[in-house]
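What follows is the content of my_file-v2.cif (mmCIF, C-alpha atoms).
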```
data_structure
#
loop_
_atom_site.label_atom_id
_atom_site.label_comp_id
_atom_site.auth_asym_id
_atom_site.auth_seq_id
_atom_site.Cartn_x
_atom_site.Cartn_y
_atom_site.Cartn_z
CA MET A 1 -8.74 9.56 8.93
CA ASN A 2 -9.71 10.65 12.42
CA LEU A 3 -7.36 12.73 14.60
CA VAL A 4 -5.91 9.76 16.52
CA HIS A 5 -5.27 7.86 13.30
CA ARG A 6 -3.65 10.89 11.64
CA ARG A 7 -1.34 11.43 14.61
CA LEU A 8 -0.37 7.77 14.71
CA CYS A 9 0.36 7.52 10.97
CA SER A 10 2.39 10.74 10.92
CA SER A 11 4.42 9.85 14.02
CA GLU A 12 8.12 9.06 14.21
CA LYS A 13 7.21 5.86 16.10
CA TRP A 14 5.15 4.63 13.13
CA ALA A 15 7.89 5.60 10.67
CA ARG A 16 10.45 3.57 12.68
CA ALA A 17 8.11 0.56 12.84
CA VAL A 18 7.59 0.75 9.07
CA GLU A 19 11.31 0.93 8.39
CA ASP A 20 12.53 -1.56 11.00
CA ARG A 21 9.80 -4.23 10.97
CA LEU A 22 6.93 -3.86 8.55
CA LEU A 23 8.55 -3.28 5.16
CA PRO A 24 11.44 -5.70 5.72
CA TRP A 25 8.85 -8.41 6.46
CA VAL A 26 6.48 -7.50 3.62
CA LEU A 27 9.17 -7.06 0.97
CA ASP A 28 11.40 -9.98 1.97
CA GLY A 29 12.28 -11.66 -1.33
CA VAL A 30 10.01 -9.39 -3.40
CA PRO A 31 11.71 -8.20 -6.62
CA LEU A 32 10.46 -4.63 -7.09
CA GLY A 33 12.51 -4.01 -10.23
CA PRO A 34 13.64 -0.55 -11.31
CA ASP A 35 10.17 1.04 -11.90
CA ALA A 36 7.61 0.77 -9.07
CA LEU A 37 4.23 2.23 -8.13
CA GLU A 38 3.02 2.70 -4.58
CA ILE A 39 -0.72 3.07 -4.06
CA GLY A 40 -1.91 5.05 -1.03
CA PRO A 41 1.27 6.21 0.72
CA GLY A 42 -0.57 8.60 3.07
CA TYR A 43 2.07 10.55 5.00
CA GLY A 44 4.94 8.83 3.16
CA ALA A 45 6.56 6.62 5.82
CA THR A 46 6.61 3.70 3.38
CA THR A 47 7.71 5.91 0.47
CA ARG A 48 10.79 7.05 2.42
CA VAL A 49 11.85 3.43 2.83
CA LEU A 50 11.12 2.51 -0.80
CA LEU A 51 13.23 5.39 -2.09
CA ARG A 52 16.27 3.83 -0.39
CA ARG A 53 15.63 0.37 -1.87
CA LYS A 54 18.53 -0.88 -3.99
CA GLY A 55 17.72 -1.39 -7.65
CA LEU A 56 14.68 0.91 -7.57
CA THR A 57 15.45 3.81 -9.90
CA ARG A 58 11.96 5.22 -10.49
CA LEU A 59 9.11 5.45 -7.97
CA SER A 60 5.62 6.74 -8.67
CA VAL A 61 2.98 7.14 -5.97
CA VAL A 62 -0.74 7.75 -6.19
CA GLU A 63 -2.56 9.27 -3.21
CA VAL A 64 -6.32 9.89 -3.07
CA ASP A 65 -6.13 12.66 -0.44
CA ALA A 66 -5.18 15.96 -2.11
CA ALA A 67 -3.55 17.43 1.01
CA TYR A 68 -1.42 14.31 1.55
CA ALA A 69 -0.42 14.31 -2.15
CA ALA A 70 0.67 17.95 -1.85
CA GLY A 71 2.70 17.12 1.26
CA LEU A 72 4.35 14.20 -0.52
CA ARG A 73 5.28 16.46 -3.45
CA ARG A 74 6.85 18.95 -1.06
CA GLU A 75 8.81 16.27 0.78
CA PHE A 76 10.01 14.15 -2.13
CA GLY A 77 10.34 16.71 -4.93
CA ASP A 78 11.68 15.03 -8.04
CA ARG A 79 12.73 11.84 -6.19
CA ALA A 80 9.22 10.41 -6.72
CA GLU A 81 6.42 11.11 -9.17
CA VAL A 82 3.46 12.01 -6.94
CA VAL A 83 -0.01 11.87 -8.46
CA HIS A 84 -3.23 12.90 -6.74
CA GLY A 85 -5.59 10.15 -7.86
CA ASP A 86 -7.56 7.03 -7.06
CA GLY A 87 -6.06 3.55 -6.93
CA THR A 88 -9.19 2.22 -8.62
CA ALA A 89 -8.62 4.39 -11.71
CA LEU A 90 -4.87 4.72 -12.26
CA PRO A 91 -3.68 7.26 -14.86
CA TRP A 92 -0.81 5.15 -16.24
CA PRO A 93 -0.86 2.96 -19.35
CA ASP A 94 -1.14 -0.82 -19.35
CA GLY A 95 2.09 -2.62 -18.48
CA ARG A 96 3.97 0.44 -17.21
CA PHE A 97 5.45 -0.85 -13.92
CA ASP A 98 7.75 -3.64 -12.78
CA SER A 99 5.96 -3.73 -9.43
CA VAL A 100 3.00 -2.27 -7.58
CA ALA A 101 2.83 -2.08 -3.79
CA CYS A 102 0.38 -0.93 -1.14
CA PHE A 103 0.95 -0.99 2.59
CA THR A 104 -1.66 -0.81 5.38
CA MET A 105 -4.14 1.07 3.22
CA LEU A 106 -6.54 -1.47 1.69
CA HIS A 107 -8.93 -1.14 4.65
CA HIS A 108 -9.38 2.55 3.73
CA VAL A 109 -10.85 1.60 0.34
CA PRO A 110 -14.59 2.03 0.99
CA SER A 111 -15.97 -1.33 -0.22
CA PRO A 112 -14.90 -4.81 -1.27
CA ALA A 113 -15.96 -3.95 -4.84
CA ARG A 114 -13.65 -0.91 -4.85
CA GLN A 115 -10.85 -3.00 -3.33
CA ASP A 116 -11.33 -5.49 -6.20
CA ALA A 117 -11.19 -2.59 -8.68
CA LEU A 118 -7.88 -1.54 -7.12
CA PHE A 119 -6.57 -5.11 -7.57
CA ALA A 120 -7.65 -5.07 -11.22
CA GLU A 121 -5.93 -1.72 -11.79
CA ALA A 122 -2.72 -2.97 -10.14
CA HIS A 123 -2.82 -5.95 -12.52
CA ARG A 124 -3.45 -3.71 -15.54
CA VAL A 125 -0.49 -1.37 -14.95
CA LEU A 126 1.98 -4.19 -14.26
CA ARG A 127 4.26 -5.60 -16.93
CA PRO A 128 3.93 -9.35 -17.55
CA GLY A 129 5.84 -11.04 -14.73
CA GLY A 130 5.51 -7.95 -12.52
CA VAL A 131 4.80 -8.29 -8.81
CA PHE A 132 1.95 -6.85 -6.74
CA ALA A 133 2.89 -6.88 -3.05
CA GLY A 134 1.67 -5.37 0.16
CA CYS A 135 0.13 -5.80 3.55
CA ASP A 136 -2.78 -4.77 5.68
CA SER A 137 -3.84 -5.04 9.29
CA LEU A 138 -5.89 -7.78 10.87
CA SER A 139 -9.14 -6.57 12.39
CA ASN A 140 -9.40 -6.53 16.19
CA TRP A 141 -11.13 -4.31 18.75
CA ARG A 142 -8.11 -2.03 19.38
CA TRP A 143 -7.49 -1.53 15.68
CA ARG A 144 -11.20 -0.82 15.11
CA LEU A 145 -11.12 1.76 17.93
CA ILE A 146 -8.23 3.61 16.24
CA HIS A 147 -10.40 3.70 13.10
CA TRP A 148 -13.52 5.05 14.85
CA GLY A 149 -15.23 7.35 12.35
CA ASP A 150 -12.82 6.41 9.53
CA THR A 151 -13.55 4.47 6.40
CA CYS A 152 -12.57 1.00 7.58
CA VAL A 153 -13.35 -2.07 5.47
CA PRO A 154 -11.05 -4.89 6.62
CA VAL A 155 -9.75 -7.33 4.02
CA PRO A 156 -10.18 -10.89 5.30
CA PRO A 157 -6.90 -12.63 4.44
CA ALA A 158 -8.77 -15.90 3.85
CA THR A 159 -10.54 -14.32 0.85
CA LEU A 160 -7.59 -12.45 -0.64
CA GLU A 161 -6.08 -15.21 -2.77
CA THR A 162 -9.39 -15.81 -4.56
CA ARG A 163 -9.90 -12.08 -5.09
CA LEU A 164 -6.39 -11.55 -6.49
CA ARG A 165 -6.79 -14.53 -8.84
CA ALA A 166 -10.12 -13.06 -10.03
CA ALA A 167 -8.19 -9.88 -10.93
CA GLY A 168 -5.88 -11.98 -13.11
CA PHE A 169 -2.94 -12.64 -10.80
CA THR A 170 -1.06 -15.93 -10.48
CA GLU A 171 1.46 -17.23 -7.95
CA VAL A 172 -0.58 -15.65 -5.16
CA LYS A 173 0.76 -15.98 -1.62
CA VAL A 174 -0.97 -14.63 1.48
CA GLU A 175 0.67 -15.00 4.89
CA VAL A 176 -0.79 -13.98 8.23
CA GLY A 177 1.60 -12.55 10.80
CA THR A 178 1.18 -10.85 14.15
CA GLY A 179 -1.42 -8.14 13.71
CA SER A 180 -1.16 -8.03 9.93
CA PHE A 181 -0.92 -10.07 6.77
CA ARG A 182 1.27 -9.78 3.70
CA PHE A 183 0.63 -10.78 0.12
CA ARG A 184 2.37 -11.04 -3.19
CA ALA A 185 1.10 -12.01 -6.61
CA VAL A 186 2.41 -12.05 -10.16
CA ARG A 187 0.88 -10.70 -13.35
#
```
Would you write the structure of this file as structure tokens?
Amino acid sequence: MNLVHRRLCSSEKWARAVEDRLLPWVLDGVPLGPDALEIGPGYGATTRVLLRRKGLTRLSVVEVDAAYAAGLRREFGDRAEVVHGDGTALPWPDGRFDSVACFTMLHHVPSPARQDALFAEAHRVLRPGGVFAGCDSLSNWRWRLIHWGDTCVPVPPATLETRLRAAGFTEVKVEVGTGSFRFRAVR
């Protein structure tokens, strides 16, 4: 991420927006179950909120950036299992998790093919009946400017249902909101 993007994502303002608006909207009615995986937590604003979620007793996170993963380990200690790894090649066995989530990170996956691999891996590590949920931003000029020089491959919401079904998911729902979209799907 570029300097502007790093400052924004590590800011208290972003953390408040995640806690007050984004995650309540994205996770409304989503049953995470007791054992969840978060893919791509970055600085951990979403992880902080997930750790306070009722009924969630075990949280694992996978972060591709080694420095961010180290920071997450320092911050969360034994409250979350933090793994430095790639969401397209998860180190957990088939059917491990009750839910998998990713928030505002899909556009950082460097190609649609890699995004599809991430969807397939989310499906693989979910238990039957498990939920894959998340959100990402809608592309616009201001958002693209914040991502100048970053890996930025927007996910068109109109294509997401077909892509999630191709990964094996059912009960796929994609909803466009103001500036972002949310999704949920079932294994």
Specify as an MDAnalysis selection string each residue included when the PyMOL selection byres ((chain A and resi 149-161) around 7) is applied to this file. chainID A and resid 1:2 107:111 139 147:148 162:165 172:174 181
Nearest residue to Gly44 in chain A from the set A:Val26, A:Val82, A:Val186, A:Val100 (distances using all atoms listed in the file):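 Under the stated criterion, the closest residue is A:Val82.
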Let me know the residues the PyMOL selection byres ((chain A and resi 56-63) around 8) catches in the file above, as a PyMOL selection string. chain A and resi 32-42+50-55+64-66+68-69+79-87+90
For Glu12 in chain A, which of A:Asp28, A:Gly130, A:Ala45, A:Arg124 is the closest residue, counting only C-alpha atoms?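 Using only C-alpha atoms, Glu12 in chain A sits closest to A:Ala45.
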Would you mind reading off the distance between CA of Val131 in chain A and CA of Pro112 in chain A, one decimal, in Å? 21.4 Å
When distances are computed from only C-alpha atoms, which of A:Thr178, A:Thr88, A:Thr47, A:Thr170 shows the smallest separation from Ala117 in chain A? A:Thr88
Kindly give the distance, in Å, that separates CA of Gly77 in chain A and CA of Arg48 in chain A, rounded to a single decimal. 12.1 Å
Shortest interatomic distance to Val176 in chain A - which of A:Leu138, A:Ala17, A:Cys9, A:Ala120, counting only C-alpha atoms: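 With only C-alpha atoms as the atom set, the closest residue is A:Leu138.
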Near Ser137 in chain A, counting all atoms listed in the file, which residues have an atom at most 7 Å away, once you skip same-chain residues fewer than 6 positions from it, shown as a VMD selection string? chain A and resid 104 179 to 181
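You will find CA of Ala101 in chain A at 12.5 Å from CA of Val49 in chain A.
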